[in-house]
Structures are given as structure tokens and as C-alpha cells.
Amino acid sequence: YVPLATTEGTLVASYNRGMKLLHAAGGVRTTVVEDHMQRAPAFLCSDARQARALRDWIGERFADVAAAAEATSSVARLVDVERYIAGRFLYCRFDYSTGDAAGQNMTSKATRAACEFIVAENPCGVREYQLEAQLASDKKHSHINTLKTRGKRVVAEAEIPDSLLREHLNTNAEALLRQRRISHLGARLSLTVNNGSHSANGLTAMFIATGQDVANVAESHAALVFAEPGRVGSESAYRYSITLPSLIVATHGGGTGLATQRECLELLGCVGEGSAVKLAEIMAATVLCGELSLGAAIASDEWVDAHDRHGRNR
């Protein structure tokens with residue numbers, strides 16, 4: 001069972017249809033491939049040469065910078081400091097692992113301590129910094145987070161036989177592939193950060209139900225969808241995957257401790273150490289179910305009729 005809190009008409013029915021299909025097809029394979037949370041300060045240098053010198057010094061003293069950051073938390077671990085020079089400014093992305101917390105506040109405190117160490121100790125003469133300079137793109141999606149990951153980068157994959165597509169979605173693999181190719185080209189024309197259909201729908205509903213910071217949907221909804229022909233035994237199939245490069249979820253802290261939200265996390269088995277990764281996997285699988293259901297509704301021309309029959313305005 002997956003808890004969804006939504007006022008969107010037909011959303012629960014559509015996601016349920018996708019879940020029923022993928023359960024019959026053997027389930028969804030999910031893989032968390034990266035897990036980072038960022039804070040991104042900028043150091044105010046006198047010129048580009050001073051910025052270069054500071055960049056190199058931070059690299060040389062990474063262990064000491066990490067020690068200063070990690071002293072503020074029993075959980076945060078500094079994995080990397082990405083460094084980019086623009087003009088006389090050194091922009092950094094401090095990449096952390098944050099356990100089962102989303103980690104935005106945790107990384108702010110840790111990065112502040114690291115920056116204080118850097119301006120106190122560096123021999124380059126740099127003494128000013130701005131704690132967040134937008135390279136983390138907090139609460140906004142960005143191309144750098146598609147490439148570099150913010151939160152959890154999780155991939156969900158499935159292969160569905162043609163007979164099940166006909167039985168549950170009233171369409172077939174060939175029609176779905178055509179719909180996906182046309183939609184992918186349209187997404188390219190609009191330069192969207194998501195070449196899928198509506199990952200924000202399922203994510204928002206699960207975010208509310210499980211006590212997440214709902215504003216993080218602005219980043220988390222970004223998606224990379226890929227579809228291709230497949231085979232299951234002797235039967236043609238539809239092979240489909242979705243990659244969420246910046247899924248920000250937690251099972252500790254914030255709204256996850258509220259009574260109803262905690263109950264929903266317990267329902268999912270997402271309580272205790274390591275459970276945030278499991279929650280990310282479930283969310284990605286849920287998104288894939290919704291993508292398949294909506295894609296099929298478009299391919300079979302059932303989309304409008306379904307809303308007319310099942311929408312909450314009726």
C-alpha cells in the first residue's frame with residue numbers, strides 16, 4: 001500500500017491502475033545510485049588569481065575542512081567540495097551524506113563552520129564569503145542537479161509484456177513507444193527538466209502523506225524517462241525506466257514525526273536507520289506506475305473520458 005494525499009481528480013485511480021499492472025508484471029526494480037545534499041557558498045576574492053589559489057588550497061586541505069564541517073553533526077559527512085570560478089568569485093558546492101534526514105538545515109550549519117575555518121586559516125587572504133550563492137539551487141530545479149544529484153538519484157525500471165498492456169491499459173507496446181517518442185520530442189522543444197508526464201503528481205501526494213517538505217517537489221519532480229522495445233519470453237514487451245536525479249526525502253526530522261505522517265511511514269516500513277533510501281525507492285516506483293498509466297490513457301484516447309467519469313467534480 002502507498003499512501004497518497006491529494007485533491008487531484010482521478011490521480012489515485014490512475015496510480016492504482018499502474019500499480020496493478022506492474023504488480024502483475026513482476027514489480028519494479030529500483031536503484032539508488034547517488035545520495036548527496038548540498039550547501040553552496042561563494043568566497044569573495046580580490047581577483048581570479050586569488051580565487052584560483054583558494055580553490056587549490058581547499059583541495060589540499062579537504063580533510064581539515066571536512067573535520068570542521070562534521071564537528072557540527074553526528075550524521076553529516078562531507079563527501080566532496082566542488083569548486084567553480086566565475087570572475088573573482090569562487091563558487092563551491094559542499095556535498096554531504098545526511099543519513100535519513102533531508103539535510104538542508106544540517107548542511108547549512110556544517111558548511112558555515114567549514115567556511116569559518118577556511119576564512120580563518122587560508123593563506124590566500126580571502127576573508128569574506130556568502131553562505132548560499134544559489135549553486136545548490138535550493139527549492140528550484142537546475143541542470144547541475146540533473147547532472148550532479150541533489151538528494152537521492154534513483155532509477156526505477158520495468159518490462160511489461162504486451163498481453164498485460166492490452167489487459168490492464170487497453171493499449172500495446174507499439175502504441176506506447178510511439179506516444180513516448182512524440183512526447184519526448186515535445187519535451188525537447190519546450191526545454192523542460194522532465195521528459196515524462198506528471199511525476200510531480202505522485203510525489204506531491206506522497207510528500208504530504210509522509211511529512212516531507214512539499215516545496216522540495218520543485219526539485220524532486222525532475223525526471224529522465226527512457227523507453228525501448230523489449231521481450232519477455234517469446235512475447236514483445238515495453239521496457240521503461242525513469243531516473244529521478246534530485247529526489248529529496250527523509251524519514252527523520254521535520255514533518256515525518258507528525259502522527260498521521262509517521263503512521264504512513266510505518267505502513268511503508270520506512271522507519272529506522274537506512275529507511276530514507278527505501279522511501280526513495282518506493283517513491284520512484286510509484287512515479288513509474290503513474291507515468292505508465294497516464295501515457296496509456298493518452299495513447300488509447302481514454303484521458304478525457306476517464307476524468308469525466310471519475311473526476312471529483314462529478
# chains A, B, ... in the order shown; residues from 1 in each chain; ligands from 1

call {"tool": "closest_atom_pairs", "arguments": {"of": "stretch 128-186 of chain A", "to": "stretch 198-218 of chain A", "cutoff": "9 Å", "atoms": "only C-alpha atoms", "output": "Markdown table"}}
result
| residue | atom | partner | partner_atom | distance |
| --- | --- | --- | --- | --- |
| A:Asp138 | CA | A:Asn216 | CA | 8.1 |
| A:Lys139 | CA | A:Asn216 | CA | 5.4 |
| A:Lys140 | CA | A:Ala218 | CA | 5.4 |
| A:His141 | CA | A:Ala218 | CA | 6.1 |

call {"tool": "select_by_dssp", "arguments": {"residues": "stretch 111-311 of chain A", "states": "alpha helix (DSSP H)", "output": "PyMOL selection string"}}
result
chain A and resi 111-121+143-148+162-169+173-190+199-210+217-220+259-268+275-299+303-310

call {"tool": "closest_residue", "arguments": {"among": "A:Ala76, A:Ala86, A:Ala110, A:Leu224", "to": "A:Val193", "atoms": "only C-alpha atoms"}}
result
A:Leu224

call {"tool": "closest_residue", "arguments": {"among": "A:Lys278, A:His36, A:His184, A:Arg77", "to": "A:Lys148", "atoms": "only C-alpha atoms"}}
result
A:His36

call {"tool": "residues_around", "arguments": {"residues": "A:Ala296", "least_positions_apart": "5", "cutoff": "8 Å", "atoms": "only C-alpha atoms", "output": "PyMOL selection string"}}
result
chain A and resi 169-171+176

call {"tool": "write_last_selection", "arguments": {"atoms": "N, CA and C atoms", "output": "short mmCIF file (atom, residue, chain, number, x, y, z; two decimals), in the first residue's frame"}}
result
data_model
loop_
_atom_site.label_atom_id
_atom_site.label_comp_id
_atom_site.auth_asym_id
_atom_site.auth_seq_id
_atom_site.Cartn_x
_atom_site.Cartn_y
_atom_site.Cartn_z
N LEU A 169 -4.26 -1.79 -19.61
CA LEU A 169 -4.18 -0.39 -20.06
C LEU A 169 -4.86 -0.13 -21.39
N ASN A 170 -5.44 -1.16 -21.98
CA ASN A 170 -6.18 -1.00 -23.25
C ASN A 170 -5.30 -0.42 -24.35
N THR A 171 -4.04 -0.81 -24.37
CA THR A 171 -3.13 -0.35 -25.41
C THR A 171 -2.07 -1.43 -25.60
N LEU A 176 2.48 2.60 -27.19
CA LEU A 176 3.14 3.33 -26.11
C LEU A 176 4.50 3.88 -26.54
#

call {"tool": "residues_around", "arguments": {"residues": "A:Glu291", "least_positions_apart": "6", "cutoff": "10 Å", "atoms": "only C-alpha atoms", "output": "PyMOL selection string"}}
result
chain A and resi 14-15+18+196-199+201-202+225+240-242+285+297

call {"tool": "atom_distance", "arguments": {"atom1": "atom CA of A:Glu8", "atom2": "atom CA of A:Val249"}}
result
21.6 Å

call {"tool": "closest_residue", "arguments": {"among": "A:His143, A:Arg93, A:His252, A:Lys109", "to": "A:Pro41", "atoms": "only C-alpha atoms"}}
result
A:Arg93

call {"tool": "residues_around", "arguments": {"residues": "stretch 102-106 of chain A", "least_positions_apart": "2", "cutoff": "10 Å", "atoms": "only C-alpha atoms", "output": "PyMOL selection string"}}
result
chain A and resi 36-39+69-70+72-73+75-76+96-100+108-111+138+151-152+212-213+216+247-254+276

call {"tool": "closest_residue", "arguments": {"among": "A:Ala158, A:Gly269, A:Glu128, A:Ala68", "to": "A:Gly27", "atoms": "only C-alpha atoms"}}
result
A:Ala158

call {"tool": "residues_around", "arguments": {"residues": "A:Arg153", "least_positions_apart": "2", "cutoff": "8 Å", "atoms": "only C-alpha atoms", "output": "list in words"}}
result
Val32, Val33, Glu34, Asp35, Thr149, Arg150, Gly151, Val155, Thr243, Leu244, Pro245, Ser246 and Leu247 of chain A

call {"tool": "residues_around", "arguments": {"residues": "A:Tyr1", "least_positions_apart": "2", "cutoff": "9 Å", "atoms": "only C-alpha atoms", "output": "PDB file with C-alpha atoms, in the first residue's frame"}}
result
ATOM      1  CA  PRO A   3      -0.437   6.490   0.935  1.00  0.00           C
ATOM      2  CA  LEU A 267       2.791   1.466   6.836  1.00  0.00           C
ATOM      3  CA  LEU A 268       5.556   1.616   4.221  1.00  0.00           C
TER       4      LEU A 268
END

call {"tool": "select_by_dssp", "arguments": {"residues": "stretch 44-288 of chain A", "states": "strand (DSSP E or B)", "output": "ChimeraX atom specification"}}
result
/A:44,77-86,89-97,129-130,151-161,194,223-232,235-247

call {"tool": "atom_distance", "arguments": {"atom1": "atom CA of A:Leu135", "atom2": "atom CA of A:Leu90"}}
result
11.1 Å

call {"tool": "closest_residue", "arguments": {"among": "A:Ser220, A:Thr31, A:Thr286, A:Thr256", "to": "A:Gly272", "atoms": "only C-alpha atoms"}}
result
A:Thr256
